[in-house]
There are 2 protein chains.
Amino acid sequence: MLFGALEAGGTKMVCAIGNEKGEILERVSIPTETPEVTLPKLLAYFEGKGILALGIGCFGPIDLNESSDTYGYITTTPKLPWVNCDICGYFREHLQIPVGFDTDVNGSLLGEATWGCLQDVKNAMYITIGTGIGAGVMTEGKLLHGMLHPECGHMLMPVRSDDTYGGKCPYHGTCLEGLAAGPAIEARWGQKAETLYDRPEVWELEAHYLAVAVVNFIMTLSPQKIILGGGVMHKDGLMPMVRQKVKEQMAGYIRTKELEDLDSYLVLPSLDDNQGILGALKLGMDRYEKEKTVC
Amino acid sequence: MLFGALEAGGTKMVCAIGNEKGEILERVSIPTETPEVTLPKLLAYFEGKGILALGIGCFGPIDLNESSDTYGYITTTPKLPWVNCDICGYFREHLQIPVGFDTDVNGSLLGEATWGCLQDVKNAMYITIGTGIGAGVMTEGKLLHGMLHPECGHMLMPVRSDDTYGGKCPYHGTCLEGLAAGPAIEARWGQKAETLYDRPEVWELEAHYLAVAVVNFIMTLSPQKIILGGGVMHKDGLMPMVRQKVKEQMAGYIRTKELEDLDSYLVLPSLDDNQGILGALKLGMDRYEKEKTVC
């Protein structure tokens, strides 16, 4: 059984064909331009491949409410050519197969839940810290959508007293993304994050903010495991520092066996950066099963 | 069909008998002393009433993990005589009926979801602001437990620059509960909250902190509706101020029909302070159905 997978990002579109075992058989990467230019290229890739369904993990915000007129659309994204793009409908119409659709971060979470390190938990988060900060959330075994979908990067944050940077987010200033995403690091310190690896003060502060966010997610969602992914987490030694600061900031308030073993609780992704495309594959598989059952 | 309901609080225990329509037929209130003193009184109330099951909405933290050895226990509560009290097991053993068990705030949420203003949504929060701050959470139609259960009152918060109060929480200082629960208001302003109704600056600051918290819950959980209950919300005019500040702090980042109508999105409880006992009743009903199905 073959399924298509599309990891739709703001700079590139990763397309793949895989099977129900989570084996990726082939893949390509196509630059993200406008929908008029890019969508036909994606379609051309998937056509004639014999796939039973397509899954899309997509940058957002997107409309996941199946009773909405704009279900399957990219909605109010800052990537302007993609505003109100019916990406899900485009493939459904042209390929005439079921199309699964969710956020890119829910996709990554689903990949890890199906074939990675989240297989034994029903409540988890996948947080990505890169050019933005976003999170996929699973509660009681289901991907969380809610009213829209979580926008965890925009949590309002306490600014540490020694941090004079005013924050990068055009909406909220010092929200999590405004304080701790890659562009915020660059704006605060005057250089790209990956050129600052030899400056411990940069990463001590970064670890502090990520730890505050993790504490707040624990208080609000009570996940059984949390993954921190994305480019910023490539910095060696950052994760152990985040763990140490989570422990300090929790201050022993919640006592569970999970929190006693933070090395297993707060982890890096386990699927070699394939979590996103594998999650998209699973979105396609799940949609196929769902529509088969309905028929 | 008759069911028992127990709303277990730190100062009093409300016991009631109701039916499957959500009608409370009788109730009593019993002061909370030690388990040795109080539990037999509760048992005496429920015995011989012909109830099919009992539901308990309980102060916490509690153990909700059914595969745990201490499922149904009150665990690390600051109310010391109740630490490690097997409250659920006590009634199960003595009454020999199914016993449903959840947090008091999940109970209140369930009451509103069954007979109140949350009947048409699957993602919601019930936040209580009183001597502490806690929240019940429903995601995709299920009460959220996760690793433990949400402890939303302990979210770490940005302190407003004009607020010099250091926070009341012994664990986290300026977490939400440390800044905005009743005891924090009293400690900051030197008088009990209910004697400060004529001081607008008290409530402007309170509304600010509650709004920051609501924004963060929207970003993290994406609820379709949020209830703010508890004693602090009895202050006239507080809720409209919270709504106004939520709107300002969201800064238009998320656009949904729900958020366009904050008067319907962010509301007071709808069940005349019966949401807790009705939720406990429903916990009993649900447990009865569950165990019947298993048999």
# chains A, B, ... in the order shown; residues from 1 in each chain; ligands from 1

call {"tool": "residues_around", "arguments": {"residues": "range 53-60 of chain B", "least_positions_apart": "2", "cutoff": "7 Å", "atoms": "only C-alpha atoms", "output": "number ranges by chain"}}
result
B: 3-10, 51, 62, 74, 77, 97-104, 107, 280-285, 288

call {"tool": "write_last_selection", "arguments": {"atoms": "N, CA and C atoms", "output": "PDB file, in the first residue's frame"}}
result
ATOM      1  N   PHE B   3     -27.948   8.468  41.846  1.00  0.00           N
ATOM      2  CA  PHE B   3     -26.497   8.473  41.952  1.00  0.00           C
ATOM      3  C   PHE B   3     -26.079   9.385  43.099  1.00  0.00           C
ATOM      4  N   GLY B   4     -24.926   9.066  43.688  1.00  0.00           N
ATOM      5  CA  GLY B   4     -24.370   9.928  44.720  1.00  0.00           C
ATOM      6  C   GLY B   4     -23.330  10.871  44.135  1.00  0.00           C
ATOM      7  N   ALA B   5     -23.240  12.056  44.726  1.00  0.00           N
ATOM      8  CA  ALA B   5     -22.255  13.045  44.272  1.00  0.00           C
ATOM      9  C   ALA B   5     -21.538  13.610  45.482  1.00  0.00           C
ATOM     10  N   LEU B   6     -20.208  13.683  45.390  1.00  0.00           N
ATOM     11  CA  LEU B   6     -19.415  14.256  46.471  1.00  0.00           C
ATOM     12  C   LEU B   6     -18.465  15.291  45.893  1.00  0.00           C
ATOM     13  N   GLU B   7     -18.653  16.523  46.333  1.00  0.00           N
ATOM     14  CA  GLU B   7     -17.733  17.602  45.963  1.00  0.00           C
ATOM     15  C   GLU B   7     -16.803  17.780  47.158  1.00  0.00           C
ATOM     16  N   ALA B   8     -15.601  17.244  47.026  1.00  0.00           N
ATOM     17  CA  ALA B   8     -14.680  17.192  48.163  1.00  0.00           C
ATOM     18  C   ALA B   8     -13.758  18.401  48.145  1.00  0.00           C
ATOM     19  N   GLY B   9     -13.958  19.301  49.106  1.00  0.00           N
ATOM     20  CA  GLY B   9     -13.141  20.513  49.180  1.00  0.00           C
ATOM     21  C   GLY B   9     -12.328  20.559  50.456  1.00  0.00           C
ATOM     22  N   GLY B  10     -11.417  21.490  50.519  1.00  0.00           N
ATOM     23  CA  GLY B  10     -10.527  21.590  51.665  1.00  0.00           C
ATOM     24  C   GLY B  10     -11.212  22.087  52.927  1.00  0.00           C
ATOM     25  N   ILE B  51     -28.147   4.297  45.835  1.00  0.00           N
ATOM     26  CA  ILE B  51     -27.440   4.864  44.681  1.00  0.00           C
ATOM     27  C   ILE B  51     -26.708   3.779  43.897  1.00  0.00           C
ATOM     28  N   ILE B  62      -4.314  14.700  42.960  1.00  0.00           N
ATOM     29  CA  ILE B  62      -4.852  13.355  43.125  1.00  0.00           C
ATOM     30  C   ILE B  62      -4.273  12.446  42.042  1.00  0.00           C
ATOM     31  N   ILE B  74      -5.812  10.872  47.142  1.00  0.00           N
ATOM     32  CA  ILE B  74      -5.281  12.226  47.263  1.00  0.00           C
ATOM     33  C   ILE B  74      -3.792  12.046  47.567  1.00  0.00           C
ATOM     34  N   THR B  77      -1.048  16.680  48.771  1.00  0.00           N
ATOM     35  CA  THR B  77      -1.760  17.909  49.125  1.00  0.00           C
ATOM     36  C   THR B  77      -1.148  18.622  50.328  1.00  0.00           C
ATOM     37  N   ILE B  97     -20.022  -0.126  45.157  1.00  0.00           N
ATOM     38  CA  ILE B  97     -20.585   0.383  43.898  1.00  0.00           C
ATOM     39  C   ILE B  97     -19.464   1.055  43.103  1.00  0.00           C
ATOM     40  N   PRO B  98     -19.670   1.285  41.802  1.00  0.00           N
ATOM     41  CA  PRO B  98     -18.665   2.012  41.019  1.00  0.00           C
ATOM     42  C   PRO B  98     -18.465   3.433  41.571  1.00  0.00           C
ATOM     43  N   VAL B  99     -17.214   3.880  41.588  1.00  0.00           N
ATOM     44  CA  VAL B  99     -16.895   5.223  42.067  1.00  0.00           C
ATOM     45  C   VAL B  99     -16.112   5.979  40.986  1.00  0.00           C
ATOM     46  N   GLY B 100     -16.725   7.033  40.454  1.00  0.00           N
ATOM     47  CA  GLY B 100     -16.024   7.902  39.504  1.00  0.00           C
ATOM     48  C   GLY B 100     -15.219   8.935  40.253  1.00  0.00           C
ATOM     49  N   PHE B 101     -14.089   9.362  39.677  1.00  0.00           N
ATOM     50  CA  PHE B 101     -13.144  10.192  40.426  1.00  0.00           C
ATOM     51  C   PHE B 101     -12.432  11.135  39.482  1.00  0.00           C
ATOM     52  N   ASP B 102     -12.384  12.413  39.823  1.00  0.00           N
ATOM     53  CA  ASP B 102     -11.622  13.375  39.025  1.00  0.00           C
ATOM     54  C   ASP B 102     -11.357  14.603  39.889  1.00  0.00           C
ATOM     55  N   THR B 103     -10.641  15.566  39.339  1.00  0.00           N
ATOM     56  CA  THR B 103     -10.390  16.799  40.090  1.00  0.00           C
ATOM     57  C   THR B 103     -11.691  17.586  40.252  1.00  0.00           C
ATOM     58  N   ASP B 104     -11.728  18.433  41.276  1.00  0.00           N
ATOM     59  CA  ASP B 104     -12.903  19.281  41.482  1.00  0.00           C
ATOM     60  C   ASP B 104     -13.164  20.174  40.268  1.00  0.00           C
ATOM     61  N   GLY B 107     -14.532  18.278  37.495  1.00  0.00           N
ATOM     62  CA  GLY B 107     -15.933  18.059  37.859  1.00  0.00           C
ATOM     63  C   GLY B 107     -16.804  19.239  37.453  1.00  0.00           C
ATOM     64  N   ALA B 280     -19.881  16.128  39.766  1.00  0.00           N
ATOM     65  CA  ALA B 280     -19.608  14.915  40.547  1.00  0.00           C
ATOM     66  C   ALA B 280     -20.678  13.855  40.260  1.00  0.00           C
ATOM     67  N   LEU B 281     -21.922  14.303  40.176  1.00  0.00           N
ATOM     68  CA  LEU B 281     -23.017  13.369  39.823  1.00  0.00           C
ATOM     69  C   LEU B 281     -22.730  12.688  38.489  1.00  0.00           C
ATOM     70  N   LYS B 282     -22.314  13.482  37.516  1.00  0.00           N
ATOM     71  CA  LYS B 282     -22.043  12.921  36.188  1.00  0.00           C
ATOM     72  C   LYS B 282     -20.834  11.988  36.214  1.00  0.00           C
ATOM     73  N   LEU B 283     -19.846  12.294  37.030  1.00  0.00           N
ATOM     74  CA  LEU B 283     -18.704  11.371  37.181  1.00  0.00           C
ATOM     75  C   LEU B 283     -19.193  10.009  37.652  1.00  0.00           C
ATOM     76  N   GLY B 284     -20.156  10.008  38.578  1.00  0.00           N
ATOM     77  CA  GLY B 284     -20.735   8.745  39.041  1.00  0.00           C
ATOM     78  C   GLY B 284     -21.510   8.043  37.937  1.00  0.00           C
ATOM     79  N   MET B 285     -22.320   8.800  37.203  1.00  0.00           N
ATOM     80  CA  MET B 285     -23.101   8.208  36.101  1.00  0.00           C
ATOM     81  C   MET B 285     -22.179   7.589  35.047  1.00  0.00           C
ATOM     82  N   TYR B 288     -20.613   4.410  36.254  1.00  0.00           N
ATOM     83  CA  TYR B 288     -21.616   3.342  36.237  1.00  0.00           C
ATOM     84  C   TYR B 288     -21.747   2.755  34.835  1.00  0.00           C
TER      85      TYR B 288
END

call {"tool": "closest_atom_pairs", "arguments": {"of": "chain A", "to": "chain B", "cutoff": "7 Å", "atoms": "only C-alpha atoms", "output": "tab-separated table"}}
result
residue	atom	partner	partner_atom	distance
A:Asn123	CA	B:Gly146	CA	5.4
A:Thr139	CA	B:Gly146	CA	6.9
A:Glu140	CA	B:Gly146	CA	6.7
A:Leu144	CA	B:Glu140	CA	6.9
A:Gly146	CA	B:Ser222	CA	5.0
A:Met147	CA	B:Gln224	CA	4.8
A:Leu148	CA	B:Ser222	CA	6.1
A:His149	CA	B:Ser222	CA	5.8
A:Pro150	CA	B:Thr220	CA	5.0
A:Glu151	CA	B:Met219	CA	4.7
A:Cys152	CA	B:Thr220	CA	4.9
A:His154	CA	B:Met219	CA	6.3
A:Met155	CA	B:Asn216	CA	4.9
A:Leu156	CA	B:Asn216	CA	6.3
A:Met157	CA	B:Pro158	CA	5.5
A:Pro158	CA	B:Pro158	CA	3.6
A:Val159	CA	B:Pro158	CA	6.7
A:Tyr171	CA	B:Ala251	CA	5.8
A:Val212	CA	B:Leu156	CA	7.0
A:Asn216	CA	B:Met155	CA	4.9
A:Met219	CA	B:Glu151	CA	4.7
A:Thr220	CA	B:Cys152	CA	4.9
A:Leu221	CA	B:Pro150	CA	5.7
A:Ser222	CA	B:Gly146	CA	5.0
A:Pro223	CA	B:Gly146	CA	5.4
A:Gln224	CA	B:Met147	CA	4.8
A:Ala251	CA	B:Tyr171	CA	5.8
A:Tyr253	CA	B:Tyr171	CA	6.5

call {"tool": "select_by_dssp", "arguments": {"residues": "range 43-198 of chain B", "states": "strand (DSSP E)", "output": "MDAnalysis selection string"}}
result
chainID B and resid 54:58 99:103 124:129 133:139 142:143

call {"tool": "write_last_selection", "arguments": {"atoms": "C-alpha atoms", "output": "short mmCIF file (atom, residue, chain, number, x, y, z; two decimals), in the first residue's frame"}}
result
data_model
loop_
_atom_site.label_atom_id
_atom_site.label_comp_id
_atom_site.auth_asym_id
_atom_site.auth_seq_id
_atom_site.Cartn_x
_atom_site.Cartn_y
_atom_site.Cartn_z
CA LEU B 54 -20.83 7.60 43.41
CA GLY B 55 -18.93 10.41 41.70
CA ILE B 56 -16.23 12.42 43.48
CA GLY B 57 -14.83 15.76 42.35
CA CYS B 58 -11.84 16.19 44.63
CA VAL B 99 -16.89 5.22 42.07
CA GLY B 100 -16.02 7.90 39.50
CA PHE B 101 -13.14 10.19 40.43
CA ASP B 102 -11.62 13.37 39.02
CA THR B 103 -10.39 16.80 40.09
CA ALA B 124 -13.16 24.03 26.92
CA MET B 125 -11.68 25.22 30.19
CA TYR B 126 -13.18 25.87 33.60
CA ILE B 127 -10.88 28.13 35.61
CA THR B 128 -11.61 28.84 39.25
CA ILE B 129 -10.06 31.88 40.93
CA ILE B 133 -6.36 28.96 41.03
CA GLY B 134 -7.08 25.73 39.21
CA ALA B 135 -8.51 24.65 35.90
CA GLY B 136 -10.38 21.75 34.42
CA VAL B 137 -9.67 21.08 30.77
CA MET B 138 -11.63 19.23 28.09
CA THR B 139 -9.89 18.49 24.80
CA LYS B 142 -12.50 14.23 26.89
CA LEU B 143 -11.46 15.49 30.30
#
